[in-house]
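Q: My questions all concern the structure below.
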Amino acid sequence: MLALTIFMLGICSPQDICEELQEIRSFHDSRLKWCYDVVDAAEAFNLDPVLLVSVAWHESRFNNEAVSRAGALGALQVMPKIWCGPQHCDYIYVGGRAYSKWRARAKRKHKRNVDYYALAMYNGGNSPGVRSFRYATKVLKTKKLLQRRLDKCCPPGC
């Protein structure tokens with residue numbers, strides 16, 4: 001939660017997360033706005049913005065118009081039939097809500113490695129398989145890399 005502490009102190013802005021990720025792994029500038037929206041969704045659901053940005057990177061490379069073979073939509077690849085119902089919805093906001101619910105479920109079931117299990121369930125549902133746990137590992141590696149870069153923008157003593 002260091003990123004949230006940094007934001008609260010005003011030392012690094014949420015945009016820094018997206019700009020740092022853009023430096024680490026270049027993505028098209030038009031997707032930068034969607035990255036900012038992911039950060040806003042993370043803050044709306046009291047999630048780690050660095051983690052949710054990492055999820056969006058792996059799910060769609062911040063393409064909010066992405067459609068998967070399974071029918072998942074948006075930057076965070078949510079299943080609209082499950083999370084939106086019949087109406088159109090904001091896929092980034094709904095993705096934040098979906099991850100928040102999976103995280104709450106993982107927290108009840110697993111006392112340790114909550115984000116690891118939450119990511120696997122976000123990817124694979126209630127019974128995630130090996131592929132979903134690989135996905136969770138990749139997302140957490142990206143989060144760790146990005147977090148290290150963000151920690152550099154925080155001056156000593158913060």
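Starting from 1 in every chain, residues are counted up; chains themselves are A, B, ... following the order of the structure tokens, and ligands are numbered from 1 as listed.
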Got a sec: who's within 7 Å of segment 54-71 of chain A, counting only C-alpha atoms, leaving out chain neighbours fewer than 3 positions off, as a list in words?
A: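 Skipping anything fewer than 3 positions along the chain leaves Arg31, Trp34, Cys35, Val50, Leu51, Gly74, Ala75, Leu76, Gln77, Met79, Val139, Thr142 and Lys143 of chain A.
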Q: What does the distance between atom CA of Asp48 of chain A and atom CA of Val78 of chain A come to in Å, to one decimal place?
A: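 Value for the atom CA of Asp48 of chain A-atom CA of Val78 of chain A distance: 18.4 Å.
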Q: Identify, with DSSP run on backbone atoms, the residues in segment 42-74 of chain A assigned to alpha helix (DSSP H), and express the list as JSON, numbers by chain.
A: {"A": [42, 43, 44, 49, 50, 51, 52, 53, 54, 55, 56, 57, 58, 59, 60]}
Q: Which residue, A:Ala72, A:Ala104, A:Cys89, A:Ile82, has the smallest gap to Asn46 of chain A when you use only C-alpha atoms?
A: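 Of A:Ala72, A:Ala104, A:Cys89, A:Ile82, the one nearest Asn46 of chain A is A:Ala104, counting only C-alpha atoms.
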Q: Using only C-alpha atoms, determine which residues lie at most 10 Å from Tyr116 of chain A, disregarding the query and same-chain residues fewer than 4 positions distant; provide the list as an NGL selection string.
A: :A and (103 or 106 or 110 or 112 or 120-122 or 132-137 or 139-140)
Q: Name the closest residue to Ala41 of chain A among the candidates A:Ala98, A:Leu146, A:Leu119, A:Leu73; distances are taken between atoms, counting only C-alpha atoms.
A: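 Closest to Ala41 of chain A of all the choices is A:Ala98.
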Q: Got a sec: who's within 10 Å of Glu43 of chain A, counting only C-alpha atoms, leaving out chain neighbours fewer than 3 positions off, as a PDB file with N, CA and C atoms, in the first residue's frame?
A:
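So the final result, stored in part.pdb, reads:
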ATOM      1  N   LEU A   4      -0.463   4.047  -2.302  1.00  0.00           N
ATOM      2  CA  LEU A   4      -1.533   4.893  -1.775  1.00  0.00           C
ATOM      3  C   LEU A   4      -0.985   5.915  -0.793  1.00  0.00           C
ATOM      4  N   PRO A  14      -1.199   9.566  -9.338  1.00  0.00           N
ATOM      5  CA  PRO A  14      -1.607   8.322  -9.992  1.00  0.00           C
ATOM      6  C   PRO A  14      -1.085   8.230 -11.428  1.00  0.00           C
ATOM      7  N   ASP A  37      -7.853   5.762 -15.888  1.00  0.00           N
ATOM      8  CA  ASP A  37      -9.175   5.308 -15.445  1.00  0.00           C
ATOM      9  C   ASP A  37      -9.062   4.064 -14.556  1.00  0.00           C
ATOM     10  N   VAL A  38      -8.107   3.192 -14.861  1.00  0.00           N
ATOM     11  CA  VAL A  38      -7.876   2.007 -14.036  1.00  0.00           C
ATOM     12  C   VAL A  38      -7.419   2.424 -12.637  1.00  0.00           C
ATOM     13  N   VAL A  39      -6.533   3.408 -12.565  1.00  0.00           N
ATOM     14  CA  VAL A  39      -6.068   3.918 -11.274  1.00  0.00           C
ATOM     15  C   VAL A  39      -7.242   4.489 -10.488  1.00  0.00           C
ATOM     16  N   ASP A  40      -8.113   5.237 -11.163  1.00  0.00           N
ATOM     17  CA  ASP A  40      -9.288   5.803 -10.493  1.00  0.00           C
ATOM     18  C   ASP A  40     -10.203   4.699  -9.965  1.00  0.00           C
ATOM     19  N   ASN A  46     -10.793   0.983  -3.100  1.00  0.00           N
ATOM     20  CA  ASN A  46      -9.757   0.851  -2.080  1.00  0.00           C
ATOM     21  C   ASN A  46      -8.816  -0.325  -2.379  1.00  0.00           C
ATOM     22  N   LEU A  47      -8.418  -0.427  -3.652  1.00  0.00           N
ATOM     23  CA  LEU A  47      -7.481  -1.463  -4.084  1.00  0.00           C
ATOM     24  C   LEU A  47      -6.128  -0.832  -4.347  1.00  0.00           C
ATOM     25  N   ASP A  48      -5.113  -1.650  -4.408  1.00  0.00           N
ATOM     26  CA  ASP A  48      -3.778  -1.187  -4.744  1.00  0.00           C
ATOM     27  C   ASP A  48      -3.773  -0.802  -6.224  1.00  0.00           C
ATOM     28  N   PRO A  49      -3.575   0.482  -6.551  1.00  0.00           N
ATOM     29  CA  PRO A  49      -3.615   0.897  -7.948  1.00  0.00           C
ATOM     30  C   PRO A  49      -2.524   0.239  -8.789  1.00  0.00           C
ATOM     31  N   LEU A  52      -3.900  -3.180  -9.829  1.00  0.00           N
ATOM     32  CA  LEU A  52      -4.944  -3.141 -10.846  1.00  0.00           C
ATOM     33  C   LEU A  52      -4.395  -2.678 -12.191  1.00  0.00           C
ATOM     34  N   GLY A  96     -12.878  -3.138 -11.685  1.00  0.00           N
ATOM     35  CA  GLY A  96     -12.415  -2.842 -10.328  1.00  0.00           C
ATOM     36  C   GLY A  96     -13.331  -3.453  -9.291  1.00  0.00           C
TER      37      GLY A  96
END
Q: I'd like the interatomic distance between atom CA of Val53 of chain A and atom CA of Asn113 of chain A, to a tenth of an Å.
A: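 About the pair atom CA of Val53 of chain A and atom CA of Asn113 of chain A: they are 18.6 Å apart.
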